[in-house]
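Data first, discussion second: the structure below is written as structure tokens.
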Amino acid sequence: MIQSLTAFQIREIVDGQFLTGHQEALIHFISIDSRNIIQPETTLFVALKGAKFDGHHFIPVVAEEGVRCFLVQKDYLFEGKVESELVLIGVENPLQALQSIATYQRNLFDSPLVGITGSNGKTIVKEWLGQILGQKYAVAKSPKSYNSQVGVPLSIFGISPYHQVAVLEAGISKPDEMQRLVKMLRPNLGIFTNIGTAHEEGFKSLGHKLEEKARLFTDCKLIIYRKEHGQIHQFLRTNFDDKRLVAWSDYPGVDYTFSVKKEQERSKILLMKPDLSVFTFSVPFTDEASLENVRHAIAAALVLELDPATIQLGLDHLKAVDMRLTLKPGANESLIIDDTYNNDLAGLRLAMDFMAAQRPKKRKILIISDLLQIGDIEEVYREVGQLIHFHGIDKVIGVGNEIQMLKNDLGDKAEFYADTETLLNNLLTNDFENDLIMVTGARKFGFEAVVNLLQQRIHGTTLEININALTHNYNFYKTKLLPNTKVMVMVKAFAYGGGAAEIANHLQQLKANYLAVAYTDEGVALREQGIVMPIMVLNPFQESFFLLERFNLEPVVYSLSFYHQIGRYCKNRGCTMNIHLDMDTGMHRLGFELRHMSELLDMVSEYPELKISSVYTHLAGADEEVHQDYSLHQLEMFLLMYDKLTEKLGYFPLRHALNSAGIIRFPEYQMEMVRLGIGLYGVEVSGKHDAQLKSVSTLKTTISQIKTLDAGDTVGYGRKGIMHADGQIATIAIGYADGYDRRFSNGRGYVLINGIKAPVIGNVCMDMTMIDISGMDAKEGDEVIIYGPNISLKELANRIGTIPYELLTNISSRVKRVYYLD
């Protein structure tokens with residue numbers, strides 16, 4: 001979220017011109033991706049031209065979703081009817097305009113900004129430094145590896161006024177790129193991680209690349225680097241004042257000396273400062289790459305005045321980073337080092353060090369592609385051969401053309417393939433047993449497929465939550481609402497099974513207005529997880545009044561007796577409380593009826609301590625057209641009751657009656673607020689917009705075992721499953737204790753394996769379920785989809801006579817939730 005700008009201010013910043021529209025639009029967000037627009041009405045969409053896509057092509061779609069302000073090429077013509085409120089700002093170059101806005105936003109940030117560059121380790125250092133600094137400061141960080149001409153501006157837009165420090169990456173692949181990045185970043189503190197051969201073909205020499213990267217530090221007060229990187233050390237000493245340089249080393253004579261002692265699974269790092277004071281850090285890894293990265297982060301944290309004890313707290317809580325080097329279990333007791341995003345010599349050196357630090361296996365095997373963008377090819381592959389011999393690699397599998405320069409040097413220990421597809425056709429998991437296998441290659445070779453083939457399938461059941469899909473669904477419903485209509489999102493029942501805290505946090509970022517939970521303890525849990533937005537509690541109890549008060553939760557009041565109870569509590573405590581009134585207009589569950597209005601008004605007068613935040617009702621049949629007249633009757637009754645209430649109330653609480661289905665069926669009754677529930681999670685119960693919502697959850701497990709059975713054999717408890725022909729069954733790692741309904745037993749339910757339906761056979765067990773895979777190509781360890789984008793929750797629910805709500809909310813808490821952005 002950027003610091004707010006008007007469309008007029010943006011036009012001035014980018015030196016553009018209004019092609020159409022007015023100048024009053026207020027912008028809080030900037031987006032370059034039509035799929036990830038959070039708040040359409042306050043978003044500036046920047047139409048960038050890329051290698052595959054032109055953002056201008058998506059403008060009509062984005063406008064349909066509610067975006068009103070666009071930064072476009074000055075000769076752009078909108079295809080279709082231009083609405084009067086559509087603001088098009090034309091510029092010569094949208095990318096440069098995006099960078100100009102970023103420069104403006106950066107200048108509003110007065111706190112320290114750390115800029116990181118180098119050939120390897122930028123993202124790791126950024127993540128770890130951010131996590132360490134987070135022990136004391138509010139930290140803004142580049143998302144993922146956003147360090148490019150587009151990534152840097154997007155990172156800057158993530159800096160908010162409350163941040164106390166920002167840690168951002170800067171990456172270049174050719175000359176003059178850093179000049180544009182440094183104009184935006186203007187870091188106060190710089191970190192130079194290392195220099196390697198990545199992208200070297202764009203530069204005259206390694207020295208030329210070093211010079212270009214060092215431009216980032218032109219105005220830095222201090223620059224952190226490792227003295228052992230000789231070329232960096234020499235260049236910085238020659239071109240920068242010594243007072244600006246902060247060097248660290250394994251040896252004395254520098255600003256920070258770090259001595260490392262490796263243990264079995266951890267390392268100790270002894271810090272010695274120039275004043276001879278010492279401190280010992282403990283870190284949870286032993287490989288050289290991680291040890292170098294973490295020492296960069298420690299040095300930067302010390303420069304930013306964190307005391308060693310606070311730094312150690314950060315080290316103790318380092319979160320796993322999606323690193324280039326990952327150790328995974330492989331088939332047949334092998335181990336795989338996944339380095340599938342590496343493509344230069346410096347990265348290979350670090351990967352080899354990482355490999356050397358692993359526990360011994362029968363053989364060391366290297367699967368390696370051509371190293372791209374490396375400069376002097378002969379020199380680089382000569383060093384690759386030296387590394388292979390030095391580390392005692394037993395077998396090398398090379399993919400590509402240039403890597404075959406190693407043929408003569410490696411002899412019989414090497415085999416080569418022209419491309420990854422040919423390798424995959426010749427690669428057999430049975431060729432490996434108890435081996436240590438490193439898979440390292442440039443992105444274009446797609447070595448992820450090699451890792452997927454060789455790695456062991458991890459048994460277990462997970463529920464994957466697609467945050468981007470959730471955002472998409474939220475925005476879909478927002479487009480159905482008037483700009484001022486507020487949104488209350490239902491996160492009761494563990495957020496429909498998805499995990500309340502994580503989803504609530506995302507909704508808080510989406511600027512939803514209210515959350516609703518079923519019980520007080522759910523609201524308390526959200527508060528303890530840092531959720532600060534208003535929370536309505538649907539089913540409060542008298543015993544929890546003190547928790548409602550303590551955690552600023554807003555209870556629903558649904559009866560005269562309950563109004564009296566909570567009113568007396570507040571009067572006796574001398575406190576006030578926001579409440580919500582439930583009006584029963586035909587649901588006949590909880591709520592005040594029309595006949596209660598007179599007594600309700602007396603209660604309102606008796607207990608001024610209770611402030612009515614909203615008044616609402618539940619529609620009994622909004623999801624079915626057959627109940628259209630009944631729903632309309634409920635809505636009219638609700639408006640009548642509200643009018644009677646506010647005649648004497650003296651103020652006007654929010655009104656809300658529409659759930660997900662109601663938003664679609666009765667948009668004219670959205671009033672001041674709506675309640676978004678199951679629609680957010682990808683289920684459009686009215687059936688009108690199924691294709692426009694995205695499935696948020698994917699429940700998946702694995703095949704534990706496969707059995708071959710004869711016709712007539714029975715399966716499971718009570719021998720309910722019967723094989724009608726010779727075939728195979730698979731046992732999968734999910735049962736009713738995980739939330740897989742027993743009513744799916746005996747063929748009512750099915751799963752997907754490799755895109756093919758496999759019916760349940762026999763009774764669903766507590767922890768396992770058997771499925772019929774006769775005639776299918778399946779093996780133990782294969783992934784099994786229980787539900788997701790290709791299995792409709794509606795269809796599954798219909799098969800067992802229930803509703804999607806039940807299937808979503810039944811998923812056990814023992815099932816691991818995984819959240820990801822696609």
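As shown in the structure tokens, the chain order sets the letters A, B, ...; within each chain, residues go from 1, and ligands are also counted from 1 in the order they appear.
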
*Quick one: residues within 12 Å of Ile116 (chain A), only C-alpha atoms counted, chain neighbours fewer than 5 positions away excluded, as a ChimeraX atom specification?*
/A:121-127,129-130,141-142,145-147,152,166-172,178,181-182,185-194,213-217,220,223-225,293,296-297,300

*So which residues of region 414-473 of chain A fall under strand (DSSP E or B) by DSSP, listed as a PyMOL selection string?*
chain A and resi 414-417+436-440+455+462-466

Requested write-out: N, CA and C atoms of the selected residues, as a tab-separated table (two decimals), in the first residue's frame:
```tsv
chain	number	residue	atom	x	y	z
A	414	ALA	N	31.25	-40.04	-16.44
A	414	ALA	CA	30.26	-39.07	-16.89
A	414	ALA	C	29.44	-39.61	-18.05
A	415	GLU	N	28.17	-39.16	-18.11
A	415	GLU	CA	27.32	-39.41	-19.27
A	415	GLU	C	26.57	-38.13	-19.58
A	416	PHE	N	26.25	-37.92	-20.87
A	416	PHE	CA	25.71	-36.63	-21.29
A	416	PHE	C	24.46	-36.81	-22.14
A	417	TYR	N	23.55	-35.83	-22.02
A	417	TYR	CA	22.31	-35.82	-22.78
A	417	TYR	C	22.10	-34.43	-23.38
A	436	LEU	N	23.94	-39.74	-2.59
A	436	LEU	CA	23.77	-38.31	-2.39
A	436	LEU	C	23.79	-37.67	-3.78
A	437	ILE	N	22.63	-37.12	-4.21
A	437	ILE	CA	22.46	-36.66	-5.58
A	437	ILE	C	22.24	-35.15	-5.57
A	438	MET	N	23.12	-34.43	-6.24
A	438	MET	CA	22.90	-32.99	-6.37
A	438	MET	C	22.39	-32.69	-7.77
A	439	VAL	N	21.25	-31.97	-7.83
A	439	VAL	CA	20.64	-31.58	-9.10
A	439	VAL	C	20.77	-30.08	-9.21
A	440	THR	N	21.61	-29.62	-10.14
A	440	THR	CA	21.88	-28.19	-10.26
A	440	THR	C	21.83	-27.78	-11.71
A	455	GLN	N	12.75	-37.78	-6.13
A	455	GLN	CA	12.49	-37.63	-4.70
A	455	GLN	C	11.45	-38.61	-4.20
A	462	THR	N	-2.56	-32.99	3.39
A	462	THR	CA	-2.43	-31.55	3.56
A	462	THR	C	-3.63	-30.85	2.91
A	463	LEU	N	-3.95	-29.71	3.46
A	463	LEU	CA	-4.96	-28.84	2.88
A	463	LEU	C	-4.23	-27.59	2.41
A	464	GLU	N	-4.17	-27.40	1.09
A	464	GLU	CA	-3.48	-26.26	0.52
A	464	GLU	C	-4.47	-25.12	0.29
A	465	ILE	N	-4.11	-23.94	0.76
A	465	ILE	CA	-4.97	-22.77	0.64
A	465	ILE	C	-4.31	-21.79	-0.33
A	466	ASN	N	-4.98	-21.52	-1.43
A	466	ASN	CA	-4.46	-20.61	-2.44
A	466	ASN	C	-4.90	-19.19	-2.10
```

*Any idea what's packed within 6 Å of region 20-29 of chain A, counting only C-alpha atoms, ignoring anything in its chain fewer than 4 positions away? Could you give it as a list in words?*
Met1, Ile2, Ser4, Leu5, Thr6, Ala7, Phe8, Thr42, Thr43, Ser84, Glu85, Leu86, Val87 and Leu88 of chain A

_Long-range neighbours of region 700-703 of chain A as a PyMOL selection string, 7 Å cut-off, only C-alpha atoms, 6 positions minimum in chain_ = chain A and resi 459-463+730-734+780-786

*Quick one: of A:Gly530, A:Pro804, A:Gly755, A:Gly134, who's nearest to His506 (chain A), counting only C-alpha atoms?*
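Distance minimum relative to His506 (chain A) lands on A:Gly530.
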
_For the alpha helix (DSSP H) assignment from backbone DSSP, which residues of region 561-591 of chain A qualify? Please present them as a PyMOL selection string._
chain A and resi 561-573

*Could you tell me how far CA of Ser561 (chain A) lies from CA of Met597 (chain A), in Å and to one decimal?*
13.6 Å

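Between CA of Glu402 (chain A) and CA of Ile337 (chain A) the separation is 22.6 Å.
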
*Considering only C-alpha atoms, return as a list in words whatever protein or nucleic-acid residues lie within 7 Å of region 569-577 of chain A, sequence-local ones (same chain, fewer than 6 positions apart) excluded.*
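In the requested format, the answer is Glu609, Leu610 and Lys611 of chain A.
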
*Record the distance separating CA of Ser686 (chain A) and CA of Ile663 (chain A), expressed in Å with one decimal.*
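Rounded to one decimal, the two atoms are 9.9 Å apart.
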
_So that I can check the surroundings of region 282-285 of chain A, please list as a VMD selection string every protein, DNA and RNA residue that reaches within 8 Å of it, counting only C-alpha atoms and ignoring chain neighbours fewer than 3 positions away._
chain A and resid 265 to 269 290 to 291 312 315 to 316

Residues of the last selection are to be written out with C-alpha atoms, as a compact mmCIF listing (two decimals), in the first residue's frame.
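Printed below is result01.txt as written:
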```txt
# COMPACT_ATOMS: atom_id res chain seq x y z
CA GLU A 265 23.81 -29.95 13.22
CA ARG A 266 24.66 -26.43 14.35
CA SER A 267 27.52 -23.98 14.28
CA LYS A 268 28.87 -21.50 16.78
CA ILE A 269 30.04 -18.12 15.51
CA SER A 290 24.38 -20.38 4.98
CA LEU A 291 27.27 -19.45 7.27
CA GLN A 312 20.60 -14.23 18.85
CA LEU A 315 18.77 -16.36 14.92
CA ASP A 316 16.81 -18.70 17.20
```
